[in-house]
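Each remark here refers to the structure printed beneath this line.
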Amino acid sequence: MSRSITVLVVEREPLFRRGLTSSLNLAPDLNVVASAASREETIRLLEHASPEVAIIGTVGPDARGIDFVAELRRKSPALATVVVSVRETDDELFAAVRAGAAAYCGRNVEEATLHDLVRRSAEGEYVIN
């Protein structure tokens, strides 16, 4: 069996957060070590968990997703971030890339594709879906 990739899920919507967590944990090589609903909770969890990849969805009122990607990259340069965006626009995509996101996709992404984005991001690739 291959190594396990550790993942942090950041999403303010509880049902979507649980769905992402469940989906990722079904893959034998992916392991969600923490999940958060807000910026503050994410920062606190990063002090204890050491995820390789963070899935960034809708963060919440205390942070804009793209700005939060840049903040996470400053705080934890080795952390790969995968942005799962509500708005799939060129402006959002380019902003995510400038902020340091390793991967970008819409919320309608297929489960297998998201798993692949996480794996490839953990390996240091930059992927746009």
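Residues in the structure tokens are numbered from 1 in each chain, the chains being A, B, ... in the order shown, and ligands are numbered from 1 in the order shown.
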
- Message: Run DSSP on the backbone and tell me which residues of chain A come out as helix (DSSP H, G or I); list them as a PyMOL selection string.
- Response: chain A and resi 14-26+39-46+65-75+90-99+111-122

- Task: Could you tell me, as a ChimeraX atom specification, which residues of chain A DSSP assigns to strand (DSSP E or B) when given the backbone?
- Result: /A:5-10,30-36,53-56,60,63,80-85,103-106,127-128

Put those residues in a file: N, CA and C atoms, as an mmCIF file, in the first residue's frame.
data_model
loop_
_atom_site.group_PDB
_atom_site.id
_atom_site.type_symbol
_atom_site.label_atom_id
_atom_site.label_comp_id
_atom_site.auth_asym_id
_atom_site.auth_seq_id
_atom_site.Cartn_x
_atom_site.Cartn_y
_atom_site.Cartn_z
ATOM 1 N N ILE A 5 -1.692 10.244 2.420
ATOM 2 C CA ILE A 5 -1.583 11.700 2.284
ATOM 3 C C ILE A 5 -2.532 12.327 3.294
ATOM 4 N N THR A 6 -2.009 13.200 4.138
ATOM 5 C CA THR A 6 -2.832 13.830 5.165
ATOM 6 C C THR A 6 -3.477 15.103 4.628
ATOM 7 N N VAL A 7 -4.767 15.272 4.977
ATOM 8 C CA VAL A 7 -5.569 16.344 4.394
ATOM 9 C C VAL A 7 -6.320 17.107 5.486
ATOM 10 N N LEU A 8 -6.421 18.411 5.292
ATOM 11 C CA LEU A 8 -7.259 19.287 6.107
ATOM 12 C C LEU A 8 -8.376 19.801 5.203
ATOM 13 N N VAL A 9 -9.618 19.685 5.650
ATOM 14 C CA VAL A 9 -10.765 20.181 4.885
ATOM 15 C C VAL A 9 -11.268 21.458 5.552
ATOM 16 N N VAL A 10 -11.352 22.551 4.774
ATOM 17 C CA VAL A 10 -11.859 23.828 5.276
ATOM 18 C C VAL A 10 -13.102 24.194 4.465
ATOM 19 N N LEU A 30 -5.741 8.466 1.185
ATOM 20 C CA LEU A 30 -6.028 9.818 1.665
ATOM 21 C C LEU A 30 -6.580 9.739 3.078
ATOM 22 N N ASN A 31 -6.126 10.646 3.943
ATOM 23 C CA ASN A 31 -6.537 10.618 5.348
ATOM 24 C C ASN A 31 -6.820 12.042 5.831
ATOM 25 N N VAL A 32 -8.088 12.345 6.067
ATOM 26 C CA VAL A 32 -8.447 13.657 6.603
ATOM 27 C C VAL A 32 -8.081 13.671 8.083
ATOM 28 N N VAL A 33 -7.135 14.514 8.445
ATOM 29 C CA VAL A 33 -6.661 14.592 9.825
ATOM 30 C C VAL A 33 -7.369 15.679 10.617
ATOM 31 N N ALA A 34 -8.041 16.594 9.903
ATOM 32 C CA ALA A 34 -8.777 17.667 10.578
ATOM 33 C C ALA A 34 -9.731 18.323 9.589
ATOM 34 N N SER A 35 -10.769 18.941 10.144
ATOM 35 C CA SER A 35 -11.675 19.749 9.319
ATOM 36 C C SER A 35 -12.045 20.987 10.114
ATOM 37 N N ALA A 36 -12.291 22.064 9.371
ATOM 38 C CA ALA A 36 -12.575 23.344 10.007
ATOM 39 C C ALA A 36 -13.658 24.075 9.240
ATOM 40 N N VAL A 53 -1.949 18.556 2.536
ATOM 41 C CA VAL A 53 -2.838 19.235 1.597
ATOM 42 C C VAL A 53 -4.026 19.815 2.356
ATOM 43 N N ALA A 54 -4.436 21.021 1.980
ATOM 44 C CA ALA A 54 -5.658 21.619 2.519
ATOM 45 C C ALA A 54 -6.638 21.822 1.371
ATOM 46 N N ILE A 55 -7.862 21.356 1.567
ATOM 47 C CA ILE A 55 -8.946 21.606 0.627
ATOM 48 C C ILE A 55 -9.630 22.869 1.130
ATOM 49 N N ILE A 56 -9.657 23.920 0.311
ATOM 50 C CA ILE A 56 -10.250 25.189 0.716
ATOM 51 C C ILE A 56 -11.534 25.408 -0.069
ATOM 52 N N GLY A 60 -15.853 31.290 5.123
ATOM 53 C CA GLY A 60 -16.729 31.895 6.114
ATOM 54 C C GLY A 60 -16.512 33.387 6.183
ATOM 55 N N ALA A 63 -12.849 35.189 6.532
ATOM 56 C CA ALA A 63 -11.783 35.123 5.526
ATOM 57 C C ALA A 63 -12.363 34.887 4.143
ATOM 58 N N ALA A 80 0.203 22.212 0.526
ATOM 59 C CA ALA A 80 -0.404 22.375 -0.800
ATOM 60 C C ALA A 80 -1.883 22.686 -0.598
ATOM 61 N N THR A 81 -2.417 23.620 -1.357
ATOM 62 C CA THR A 81 -3.824 23.979 -1.213
ATOM 63 C C THR A 81 -4.585 23.690 -2.497
ATOM 64 N N VAL A 82 -5.763 23.103 -2.320
ATOM 65 C CA VAL A 82 -6.672 22.812 -3.425
ATOM 66 C C VAL A 82 -7.912 23.664 -3.198
ATOM 67 N N VAL A 83 -8.191 24.573 -4.111
ATOM 68 C CA VAL A 83 -9.348 25.453 -4.001
ATOM 69 C C VAL A 83 -10.528 24.793 -4.705
ATOM 70 N N VAL A 84 -11.629 24.634 -3.963
ATOM 71 C CA VAL A 84 -12.882 24.138 -4.522
ATOM 72 C C VAL A 84 -13.828 25.337 -4.532
ATOM 73 N N SER A 85 -14.009 25.915 -5.707
ATOM 74 C CA SER A 85 -14.670 27.208 -5.825
ATOM 75 C C SER A 85 -16.134 27.118 -6.230
ATOM 76 N N ALA A 103 -3.964 23.581 -6.769
ATOM 77 C CA ALA A 103 -5.003 23.070 -7.668
ATOM 78 C C ALA A 103 -6.268 23.896 -7.506
ATOM 79 N N TYR A 104 -7.091 23.869 -8.550
ATOM 80 C CA TYR A 104 -8.321 24.662 -8.575
ATOM 81 C C TYR A 104 -9.380 23.862 -9.320
ATOM 82 N N CYS A 105 -10.587 23.807 -8.738
ATOM 83 C CA CYS A 105 -11.706 23.136 -9.388
ATOM 84 C C CYS A 105 -13.008 23.734 -8.882
ATOM 85 N N GLY A 106 -14.082 23.407 -9.545
ATOM 86 C CA GLY A 106 -15.402 23.853 -9.118
ATOM 87 C C GLY A 106 -16.025 22.853 -8.160
ATOM 88 N N VAL A 127 -2.210 21.974 -10.592
ATOM 89 C CA VAL A 127 -3.234 21.406 -11.472
ATOM 90 C C VAL A 127 -4.459 22.305 -11.510
ATOM 91 N N ILE A 128 -4.952 22.555 -12.708
ATOM 92 C CA ILE A 128 -6.194 23.304 -12.885
ATOM 93 C C ILE A 128 -7.186 22.362 -13.535
#

- Query: Nearest to Leu46 (chain A) among A:Ile66, A:Leu79, A:Ala112, A:Ala96, with distances taken over only C-alpha atoms: which residue is it?
  - Reply: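 Closest residue, counting only C-alpha atoms: A:Leu79.
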
- Point-to-point distance from CA of Phe16 (chain A) to CA of Asn108 (chain A), Å rounded to tenths: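 CA of Asn108 (chain A) lies 11.6 Å from CA of Phe16 (chain A).
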
- In terms of the shortest atom-to-atom distance over only C-alpha atoms, which of A:Ala102, A:Gly19, A:Phe94, A:Leu24 is closest to Arg120 (chain A)? A:Ala102

- Message: When you count only C-alpha atoms, which of these residues is closest to Glu88 (chain A): A:Val59, A:Ala101, A:Ala70, A:Val109?
- Response: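 The answer is A:Val109, which sits nearest to Glu88 (chain A).
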